[in-house]
file target_38.cif (mmCIF, C-alpha atoms)
data_input
#
loop_
_atom_site.group_PDB
_atom_site.id
_atom_site.type_symbol
_atom_site.label_atom_id
_atom_site.label_comp_id
_atom_site.auth_asym_id
_atom_site.auth_seq_id
_atom_site.Cartn_x
_atom_site.Cartn_y
_atom_site.Cartn_z
ATOM 1 C CA MET E 27 173.221 149.289 109.078
ATOM 2 C CA PRO E 28 172.399 151.858 106.370
ATOM 3 C CA ARG E 29 173.675 155.380 106.745
ATOM 4 C CA LEU E 30 170.920 157.822 107.665
ATOM 5 C CA ARG E 31 171.054 161.091 105.761
ATOM 6 C CA ILE E 32 169.055 163.862 107.405
ATOM 7 C CA GLY E 33 170.138 166.753 105.212
ATOM 8 C CA ARG E 34 172.973 168.931 104.049
ATOM 9 C CA LEU E 35 174.418 172.387 104.540
ATOM 10 C CA GLY E 36 176.524 174.553 102.256
ATOM 11 C CA PHE E 37 178.418 177.808 102.576
ATOM 12 C CA GLU E 38 180.144 180.027 100.027
ATOM 13 C CA ALA E 39 182.049 183.289 100.238
ATOM 14 C CA TYR E 40 183.532 185.461 97.493
ATOM 15 C CA TYR E 41 185.836 188.452 97.743
ATOM 16 C CA THR E 42 186.051 190.957 94.893
ATOM 17 C CA ARG E 43 188.866 193.480 95.096
ATOM 18 C CA GLU E 44 188.946 196.986 93.642
ATOM 19 C CA GLN E 45 188.373 197.258 89.901
ATOM 20 C CA ASP E 46 189.323 200.112 87.576
ATOM 21 C CA LEU E 47 186.181 201.761 86.208
ATOM 22 C CA ASP E 48 185.939 203.345 82.767
ATOM 23 C CA ASP E 49 183.732 206.342 82.066
ATOM 24 C CA ASN E 50 182.216 206.514 85.564
ATOM 25 C CA PRO E 51 181.478 210.089 86.737
ATOM 26 C CA PHE E 52 181.351 209.092 90.436
ATOM 27 C CA ARG E 53 184.601 207.138 90.912
ATOM 28 C CA THR E 54 187.616 205.757 89.034
ATOM 29 C CA GLU E 55 187.909 202.597 91.156
ATOM 30 C CA SER E 56 185.196 200.361 92.605
ATOM 31 C CA LYS E 57 185.012 199.438 96.277
ATOM 32 C CA PRO E 58 186.005 195.896 97.353
ATOM 33 C CA TYR E 59 183.175 193.701 98.633
ATOM 34 C CA VAL E 60 182.399 190.257 100.053
ATOM 35 C CA GLU E 61 179.422 188.107 99.056
ATOM 36 C CA ILE E 62 178.258 185.269 101.312
ATOM 37 C CA GLY E 63 175.748 182.526 100.558
ATOM 38 C CA MET E 64 174.333 179.575 102.465
ATOM 39 C CA MET E 65 172.041 176.689 101.677
ATOM 40 C CA GLY E 66 170.416 173.988 103.738
ATOM 41 C CA GLU E 67 168.238 170.998 102.949
ATOM 42 C CA ARG E 68 166.329 168.759 105.356
ATOM 43 C CA ASP E 69 165.468 165.265 104.111
ATOM 44 C CA ARG E 70 162.056 164.013 105.242
ATOM 45 C CA GLY E 71 161.950 160.682 103.381
ATOM 46 C CA THR E 72 159.697 161.089 100.345
ATOM 47 C CA PHE E 73 160.363 164.837 100.168
ATOM 48 C CA SER E 74 162.896 167.396 101.302
ATOM 49 C CA VAL E 75 162.673 171.098 102.150
ATOM 50 C CA PHE E 76 165.464 173.484 101.192
ATOM 51 C CA ALA E 77 166.428 177.124 101.637
ATOM 52 C CA ASN E 78 169.070 179.041 99.722
ATOM 53 C CA ALA E 79 170.262 182.510 100.794
ATOM 54 C CA GLU E 80 172.426 184.566 98.442
ATOM 55 C CA ASN E 81 174.213 187.854 99.092
ATOM 56 C CA ILE E 82 173.468 187.652 102.823
ATOM 57 C CA LEU E 83 175.377 190.892 103.497
ATOM 58 C CA ASP E 84 173.040 192.700 101.040
ATOM 59 C CA VAL E 85 175.882 194.185 98.973
ATOM 60 C CA ARG E 86 174.482 196.522 96.297
ATOM 61 C CA GLN E 87 176.134 198.975 93.960
ATOM 62 C CA THR E 88 173.353 201.475 94.634
ATOM 63 C CA GLU E 89 174.485 201.710 98.283
ATOM 64 C CA ASN E 90 177.627 203.481 96.979
ATOM 65 C CA ASP E 91 176.606 205.331 93.812
ATOM 66 C CA PRO E 92 173.509 205.908 91.687
ATOM 67 C CA LEU E 93 173.085 203.831 88.515
ATOM 68 C CA ILE E 94 171.838 206.798 86.480
ATOM 69 C CA ARG E 95 174.366 209.257 85.088
ATOM 70 C CA PRO E 96 173.936 212.967 85.825
ATOM 71 C CA VAL E 97 174.251 213.615 82.057
ATOM 72 C CA ARG E 98 174.077 211.280 79.069
ATOM 73 C CA ALA E 99 177.392 209.618 78.099
ATOM 74 C CA PRO E 100 178.969 210.353 74.675
ATOM 75 C CA ALA E 101 177.733 206.925 73.496
ATOM 76 C CA GLY E 102 174.173 207.926 74.461
ATOM 77 C CA ASN E 103 173.589 205.702 77.485
ATOM 78 C CA TRP E 104 172.115 207.004 80.732
ATOM 79 C CA THR E 105 173.134 204.095 82.981
ATOM 80 C CA LEU E 106 176.496 203.039 84.400
ATOM 81 C CA ASP E 107 178.146 199.650 84.032
ATOM 82 C CA ALA E 108 177.586 197.317 86.994
ATOM 83 C CA TRP E 109 180.658 196.684 89.150
ATOM 84 C CA SER E 110 178.954 194.956 92.106
ATOM 85 C CA PRO E 111 175.633 193.136 92.649
ATOM 86 C CA LEU E 112 172.477 195.045 91.800
ATOM 87 C CA GLU E 113 169.807 192.770 93.285
ATOM 88 C CA GLY E 114 170.807 192.633 96.981
ATOM 89 C CA PHE E 115 169.782 189.832 99.370
ATOM 90 C CA ILE E 116 167.906 186.868 97.856
ATOM 91 C CA LEU E 117 166.163 184.000 99.670
ATOM 92 C CA ASN E 118 164.703 180.958 97.893
ATOM 93 C CA VAL E 119 162.714 178.253 99.682
ATOM 94 C CA GLY E 120 161.259 175.137 98.117
ATOM 95 C CA MET E 121 160.466 171.432 98.250
ATOM 96 C CA ARG E 122 161.804 168.448 96.331
ATOM 97 C CA PHE E 123 159.727 165.283 95.932
ATOM 98 C CA LYS E 124 161.121 161.784 95.352
ATOM 99 C CA PHE E 125 159.291 159.436 92.985
ATOM 100 C CA GLY E 126 159.991 155.765 92.270
ATOM 101 C CA ALA E 127 162.490 153.339 93.815
ATOM 102 C CA GLU E 128 165.913 154.409 95.066
#

call {"tool": "encode", "arguments": {"input": "target_38.cif", "output": "structure tokens"}}
result
Amino acid sequence: MPRLRIGRLGFEAYYTREQDLDDNPFRTESKPYVEIGMMGERDRGTFSVFANAENILDVRQTENDPLIRPVRAPAGNWTLDAWSPLEGFILNVGMRFKFGAE
């Protein structure tokens, strides 16, 4: 009897501890944070449907500090270096099609 595959699930979690920050007017050390992601795929025979969620906790550097400096840095830049995610929560959904013989 062949094994029936109906889909798959995945989970990932990352912890980033404090980091020393150079030339940051708001703080000398970043805050620790956790990023969590999940994915799932449902097999429907000739096609499958999937969803992928990244940064489920919506961790963003802008929740702690602005990205724009109050005054221009000596090197001339107005923005700070990124020390945590900038894009926040992301959700991707799609379909995969199977062609030909298995």

call {"tool": "closest_residue", "arguments": {"input": "target_38.cif", "among": "E:Glu38, E:Asp107, E:Glu113, E:Glu80", "to": "E:Ser56", "atoms": "only C-alpha atoms"}}
result
E:Asp107

call {"tool": "axis_aligned_box", "arguments": {"input": "target_38.cif", "around": "stretch 48-55 of chain E", "padding_each_side": "4 Å", "output": "lines of an AutoDock Vina configuration file"}}
result
center_x = 184.6
center_y = 206.3
center_z = 86.6
size_x = 14.6
size_y = 15.5
size_z = 17.1

call {"tool": "atom_distance", "arguments": {"input": "target_38.cif", "atom1": "atom CA of E:Ala77", "atom2": "atom CA of E:Gly120"}}
result
6.6 Å

call {"tool": "closest_residue", "arguments": {"input": "target_38.cif", "among": "E:Trp109, E:Arg31, E:Asp84, E:Glu89", "to": "E:Asp46", "atoms": "all atoms listed in the file"}}
result
E:Trp109

call {"tool": "atom_distance", "arguments": {"input": "target_38.cif", "atom1": "atom CA of E:Glu61", "atom2": "atom CA of E:Asn90"}}
result
15.6 Å

call {"tool": "residues_around", "arguments": {"input": "target_38.cif", "residues": "E:Ile94", "least_positions_apart": "6", "cutoff": "10 Å", "atoms": "all atoms listed in the file", "output": "MDAnalysis selection string"}}
result
chainID E and resid 88 103:107

call {"tool": "residues_around", "arguments": {"input": "target_38.cif", "residues": "E:Met121", "least_positions_apart": "3", "cutoff": "8 Å", "atoms": "all atoms listed in the file", "output": "PyMOL selection string"}}
result
chain E and resi 73-76

call {"tool": "resolve_selection", "arguments": {"input": "target_38.cif", "expression": "the PyMOL selection byres ((chain E and resi 69) around 6)", "output": "mmCIF file with C-alpha atoms, in the coordinates of the input"}}
result
data_model
loop_
_atom_site.group_PDB
_atom_site.id
_atom_site.type_symbol
_atom_site.label_atom_id
_atom_site.label_comp_id
_atom_site.auth_asym_id
_atom_site.auth_seq_id
_atom_site.Cartn_x
_atom_site.Cartn_y
_atom_site.Cartn_z
ATOM 1 C CA ILE E 32 169.055 163.862 107.405
ATOM 2 C CA GLY E 33 170.138 166.753 105.212
ATOM 3 C CA ARG E 68 166.329 168.759 105.356
ATOM 4 C CA ARG E 70 162.056 164.013 105.242
ATOM 5 C CA GLY E 71 161.950 160.682 103.381
ATOM 6 C CA SER E 74 162.896 167.396 101.302
#
